[in-house]
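A.B. asks: Sharing a structure with you now.
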Amino acid sequence: MNAFRTTLAAASLGLASIATGAAADDKATVQTFYDLLSNPGSEAQVTAFLSATSENWESVGDYSGENDGREGFVGQMGFFSQLIPDLDWSVQAMHQDGDFVIVRSRATGTPTGPFFGVDGQGRSFDILTIDIHELDDGVIVRTYHVEDWASALQQLSGQ
């Protein structure tokens, strides 16, 4: 009976170790998303993002049903690299539950021109963002996201 308990305990520890390793790999995969956001003009980061996401990856930011795909998102990041050269998207907390990784992050930057119609005249923004990344077989298939752009616009307008 002791041998059975010892074998069962060892198997349980082994499975926990495998699960922890998979979670670490998923978190590393998700981190590539934020590496791109903080370095939107980097070809290396674009390549890493494309490797970390499925061909049919969707960026879901509202209920319009018009979700961005990878190419549209990469294009938007290229635009952001020109408009906000100091963009930093810093992960503050990352939690995994099964195939979902939830991230609370902080986005900061100083637009060099009008941003969503607001000329910040050299002002910066500092906002909270929340993302839920859905993974399948180790790649991100969908990202749900909410950014506090209303606060960014208030900060840029000096209010």
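Identifiers in this document derive from the order of the structure tokens: chains are assigned A, B, ..., residues are numbered from 1 separately in each chain, and ligands are numbered from 1 in order of occurrence.
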Quick one: residues within 6 Å of Gly109 of chain A, only C-alpha atoms counted, chain neighbours fewer than 6 positions away excluded, as a list in words?
C.D. replies: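 Listed by chain and then number, they are Asp86, Leu87, Ser124 and Phe125 of chain A.
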A.B. asks: Could those residues be written to a file, using N, CA, C and O atoms, as a short mmCIF file (atom, residue, chain, number, x, y, z; two decimals), in the first residue's frame?
C.D. replies:
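The resulting file, again-v9.cif, is shown below:
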data_model
loop_
_atom_site.label_atom_id
_atom_site.label_comp_id
_atom_site.auth_asym_id
_atom_site.auth_seq_id
_atom_site.Cartn_x
_atom_site.Cartn_y
_atom_site.Cartn_z
N ASP A 86 7.30 56.28 -28.39
CA ASP A 86 7.69 55.82 -27.05
C ASP A 86 6.62 54.94 -26.40
O ASP A 86 6.61 54.76 -25.19
N LEU A 87 5.74 54.34 -27.21
CA LEU A 87 4.68 53.50 -26.67
C LEU A 87 5.26 52.38 -25.82
O LEU A 87 6.18 51.68 -26.24
N SER A 124 1.38 63.31 -22.61
CA SER A 124 1.42 61.84 -22.61
C SER A 124 0.14 61.27 -22.02
O SER A 124 -0.63 61.99 -21.39
N PHE A 125 -0.05 59.97 -22.23
CA PHE A 125 -1.15 59.27 -21.59
C PHE A 125 -0.61 58.09 -20.79
O PHE A 125 0.48 57.59 -21.05
#
A.B. asks: Report the distance between atom CA of Val101 of chain A and atom CA of Gln82 of chain A in Å, rounded to one decimal place.
C.D. replies: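 If I compute the distance from atom CA of Val101 of chain A to atom CA of Gln82 of chain A, I get 29.2 Å.
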A.B. asks: Between segment 53-101 of chain A and segment 25-45 of chain A, at 7 Å or less, what are the per-residue closest atom pairs and their distances in Å? Count only C-alpha atoms, order by chain and rising residue number, and return it as a tab-separated table.
C.D. replies:
residue	atom	partner	partner_atom	distance
A:Met77	CA	A:Pro40	CA	4.9
A:Gly78	CA	A:Gly41	CA	5.5
A:Phe80	CA	A:Pro40	CA	6.7
A:Ser81	CA	A:Pro40	CA	5.1
A:Leu87	CA	A:Ser38	CA	5.6
A:Asp88	CA	A:Ser38	CA	4.4
A:Trp89	CA	A:Ser38	CA	5.1
A.B. asks: DSSP on the backbone, then: every residue of chain A marked strand (DSSP E or B), written as JSON, numbers by chain.
C.D. replies: {"A": [53, 54, 55, 56, 57, 58, 59, 60, 68, 88, 89, 90, 91, 92, 93, 94, 95, 96, 97, 100, 101, 102, 103, 104, 105, 106, 107, 108, 109, 115, 118, 125, 126, 127, 128, 129, 130, 131, 132, 133, 134, 135, 136, 139, 140, 141, 142, 143, 144, 145, 146, 147]}
A.B. asks: Just the number, please: distance in Å from atom CA of Asp131 of chain A to atom CA of Val118 of chain A, one decimal.
C.D. replies: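 Rounded to one decimal, the two atoms are 24.9 Å apart.
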A.B. asks: Give me the residues within 8 Å of Ser54 of chain A as a list of chain:residue names, counting only C-alpha atoms and dropping any in the same chain fewer than 4 places off.
C.D. replies: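 Using only C-alpha atoms, the neighbours found are A:Leu50, A:Val139, A:Ile140, A:Val141.
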A.B. asks: If you keep N, CA and C atoms, can you produce a file of those selected residues as a JSON list (two decimals), in the first residue's frame?
C.D. replies:
[["chain", "number", "residue", "atom", "x", "y", "z"],
["A", 50, "LEU", "N", 3.39, 36.86, -35.01],
["A", 50, "LEU", "CA", 2.79, 35.98, -36.01],
["A", 50, "LEU", "C", 2.97, 34.50, -35.63],
["A", 139, "VAL", "N", -1.10, 28.36, -29.11],
["A", 139, "VAL", "CA", -1.11, 29.62, -29.86],
["A", 139, "VAL", "C", -2.36, 30.42, -29.51],
["A", 140, "ILE", "N", -2.25, 31.73, -29.61],
["A", 140, "ILE", "CA", -3.38, 32.60, -29.29],
["A", 140, "ILE", "C", -4.33, 32.60, -30.49],
["A", 141, "VAL", "N", -5.60, 32.28, -30.23],
["A", 141, "VAL", "CA", -6.60, 32.24, -31.30],
["A", 141, "VAL", "C", -7.53, 33.45, -31.25]]
A.B. asks: List the spatial neighbours of Arg142 of chain A as an MDAnalysis selection string - criterion: any atom at most 8 Å away, only C-alpha atoms, same-chain residues fewer than 2 positions off excluded.
C.D. replies: chainID A and resid 57:60 133:135 140 144
A.B. asks: Write a file of the selected residues as a PDB file, in the first residue's frame, keeping N, CA and C atoms.
C.D. replies:
ATOM      1  N   TRP A  57      -6.424  34.374 -36.041  1.00  0.00           N
ATOM      2  CA  TRP A  57      -6.492  35.134 -34.797  1.00  0.00           C
ATOM      3  C   TRP A  57      -7.430  36.316 -34.964  1.00  0.00           C
ATOM      4  N   GLU A  58      -8.187  36.584 -33.900  1.00  0.00           N
ATOM      5  CA  GLU A  58      -9.116  37.718 -33.903  1.00  0.00           C
ATOM      6  C   GLU A  58      -8.827  38.637 -32.729  1.00  0.00           C
ATOM      7  N   SER A  59      -8.898  39.924 -32.988  1.00  0.00           N
ATOM      8  CA  SER A  59      -8.819  40.955 -31.963  1.00  0.00           C
ATOM      9  C   SER A  59     -10.234  41.470 -31.749  1.00  0.00           C
ATOM     10  N   VAL A  60     -10.818  41.167 -30.584  1.00  0.00           N
ATOM     11  CA  VAL A  60     -12.208  41.520 -30.300  1.00  0.00           C
ATOM     12  C   VAL A  60     -12.223  42.657 -29.283  1.00  0.00           C
ATOM     13  N   HIS A 133      -6.757  36.504 -23.390  1.00  0.00           N
ATOM     14  CA  HIS A 133      -6.223  35.784 -24.546  1.00  0.00           C
ATOM     15  C   HIS A 133      -6.697  34.335 -24.469  1.00  0.00           C
ATOM     16  N   GLU A 134      -7.287  33.854 -25.554  1.00  0.00           N
ATOM     17  CA  GLU A 134      -7.725  32.464 -25.639  1.00  0.00           C
ATOM     18  C   GLU A 134      -6.707  31.692 -26.468  1.00  0.00           C
ATOM     19  N   LEU A 135      -6.202  30.596 -25.910  1.00  0.00           N
ATOM     20  CA  LEU A 135      -5.190  29.789 -26.590  1.00  0.00           C
ATOM     21  C   LEU A 135      -5.740  28.421 -26.963  1.00  0.00           C
ATOM     22  N   ILE A 140      -2.250  31.731 -29.608  1.00  0.00           N
ATOM     23  CA  ILE A 140      -3.380  32.600 -29.295  1.00  0.00           C
ATOM     24  C   ILE A 140      -4.333  32.596 -30.491  1.00  0.00           C
ATOM     25  N   TYR A 144      -9.591  39.225 -26.466  1.00  0.00           N
ATOM     26  CA  TYR A 144     -10.618  40.199 -26.092  1.00  0.00           C
ATOM     27  C   TYR A 144      -9.889  41.304 -25.340  1.00  0.00           C
TER      28      TYR A 144
END
A.B. asks: Mind giving me the straight-line distance from atom CA of Pro111 of chain A to atom CA of Gln154 of chain A in Å, one decimal?
C.D. replies: 13.5 Å
A.B. asks: Point out the residue among A:Val146, A:Gly122, A:Ile130, A:Thr53 with the least atom-to-atom distance to Gly158 of chain A, counting only C-alpha atoms.
C.D. replies: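 Selected residue with least distance to Gly158 of chain A: A:Gly122.
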A.B. asks: Could you pull out the helix (DSSP H, G or I) residues of segment 1-153 of chain A, going by DSSP on the backbone, and write them as a ChimeraX atom specification?
C.D. replies: /A:2-38,43-52,70-83,149-153
A.B. asks: Take the selection from the previous step and output its residues with C-alpha atoms, as a compact mmCIF listing (two decimals), in the first residue's frame.
C.D. replies:
# COMPACT_ATOMS: atom_id res chain seq x y z
CA ASN A 2 2.89 2.37 0.77
CA ALA A 3 4.41 1.71 -2.65
CA PHE A 4 1.07 2.58 -4.28
CA ARG A 5 0.83 5.86 -2.31
CA THR A 6 4.40 6.74 -3.20
CA THR A 7 3.74 6.03 -6.90
CA LEU A 8 0.50 8.03 -6.80
CA ALA A 9 2.22 10.98 -5.10
CA ALA A 10 5.06 10.91 -7.65
CA ALA A 11 2.58 10.80 -10.53
CA SER A 12 0.63 13.72 -9.08
CA LEU A 13 3.80 15.79 -8.73
CA GLY A 14 4.78 14.93 -12.29
CA LEU A 15 1.40 16.01 -13.67
CA ALA A 16 1.51 19.23 -11.65
CA SER A 17 4.98 19.91 -13.05
CA ILE A 18 3.77 19.35 -16.62
CA ALA A 19 0.75 21.61 -16.07
CA THR A 20 2.94 24.33 -14.55
CA GLY A 21 5.34 24.09 -17.51
CA ALA A 22 2.47 24.41 -19.99
CA ALA A 23 1.16 27.46 -18.14
CA ALA A 24 4.62 29.03 -18.23
CA ASP A 25 4.83 28.37 -21.98
CA ASP A 26 1.37 29.92 -22.53
CA LYS A 27 2.35 33.00 -20.54
CA ALA A 28 5.55 33.35 -22.57
CA THR A 29 3.47 33.07 -25.74
CA VAL A 30 1.11 35.80 -24.50
CA GLN A 31 4.07 38.01 -23.54
CA THR A 32 5.02 38.20 -27.25
CA PHE A 33 1.78 40.18 -27.77
CA TYR A 34 2.96 42.85 -25.29
CA ASP A 35 6.48 42.82 -26.68
CA LEU A 36 4.97 43.82 -30.04
CA LEU A 37 2.81 46.52 -28.44
CA SER A 38 5.90 48.02 -26.78
CA GLU A 43 10.18 43.24 -37.49
CA ALA A 44 11.48 40.73 -34.93
CA GLN A 45 8.48 41.43 -32.68
CA VAL A 46 6.08 41.17 -35.64
CA THR A 47 7.57 37.78 -36.53
CA ALA A 48 7.26 36.59 -32.91
CA PHE A 49 3.64 37.81 -32.77
CA LEU A 50 2.79 35.98 -36.01
CA SER A 51 4.34 32.78 -34.58
CA ALA A 52 2.39 33.15 -31.33
CA ARG A 70 -3.43 39.59 -37.71
CA GLU A 71 -2.64 41.65 -40.81
CA GLY A 72 -4.89 44.53 -39.74
CA PHE A 73 -3.44 44.46 -36.24
CA VAL A 74 0.16 44.46 -37.49
CA GLY A 75 -0.72 47.39 -39.78
CA GLN A 76 -2.21 49.28 -36.84
CA MET A 77 0.96 48.64 -34.83
CA GLY A 78 3.04 50.04 -37.70
CA PHE A 79 0.91 53.20 -37.59
CA PHE A 80 1.32 53.40 -33.80
CA SER A 81 5.10 53.07 -34.13
CA GLN A 82 5.09 56.28 -36.16
CA LEU A 83 2.51 58.16 -34.09
CA TRP A 149 -8.87 55.37 -24.31
CA ALA A 150 -11.35 57.89 -22.84
CA SER A 151 -8.85 58.63 -20.06
CA ALA A 152 -6.03 58.84 -22.61
CA LEU A 153 -7.95 61.49 -24.56
A.B. asks: For Val91 of chain A, list every protein, DNA or RNA residue within 8 Å, evaluated using only C-alpha atoms, and leave out those in the same chain fewer than 6 positions away; present the list as an NGL selection string.
C.D. replies: :A and (34 or 103-106)
A.B. asks: Restrict the selected residues to C-alpha atoms and save them as a PDB file, in the first residue's frame.
C.D. replies:
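The new file part.pdb reads:
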ATOM      1  CA  TYR A  34       2.961  42.852 -25.295  1.00  0.00           C
ATOM      2  CA  VAL A 103      -3.597  40.304 -18.420  1.00  0.00           C
ATOM      3  CA  ARG A 104      -3.805  43.646 -16.657  1.00  0.00           C
ATOM      4  CA  SER A 105      -1.401  46.092 -18.253  1.00  0.00           C
ATOM      5  CA  ARG A 106      -0.445  49.742 -18.342  1.00  0.00           C
TER       6      ARG A 106
END
A.B. asks: Just the residues within 6 Å of Ile102 of chain A, please, counting only C-alpha atoms, with nothing from its chain fewer than 5 positions along; format it as a PyMOL selection string.
C.D. replies: chain A and resi 94-95+131-132
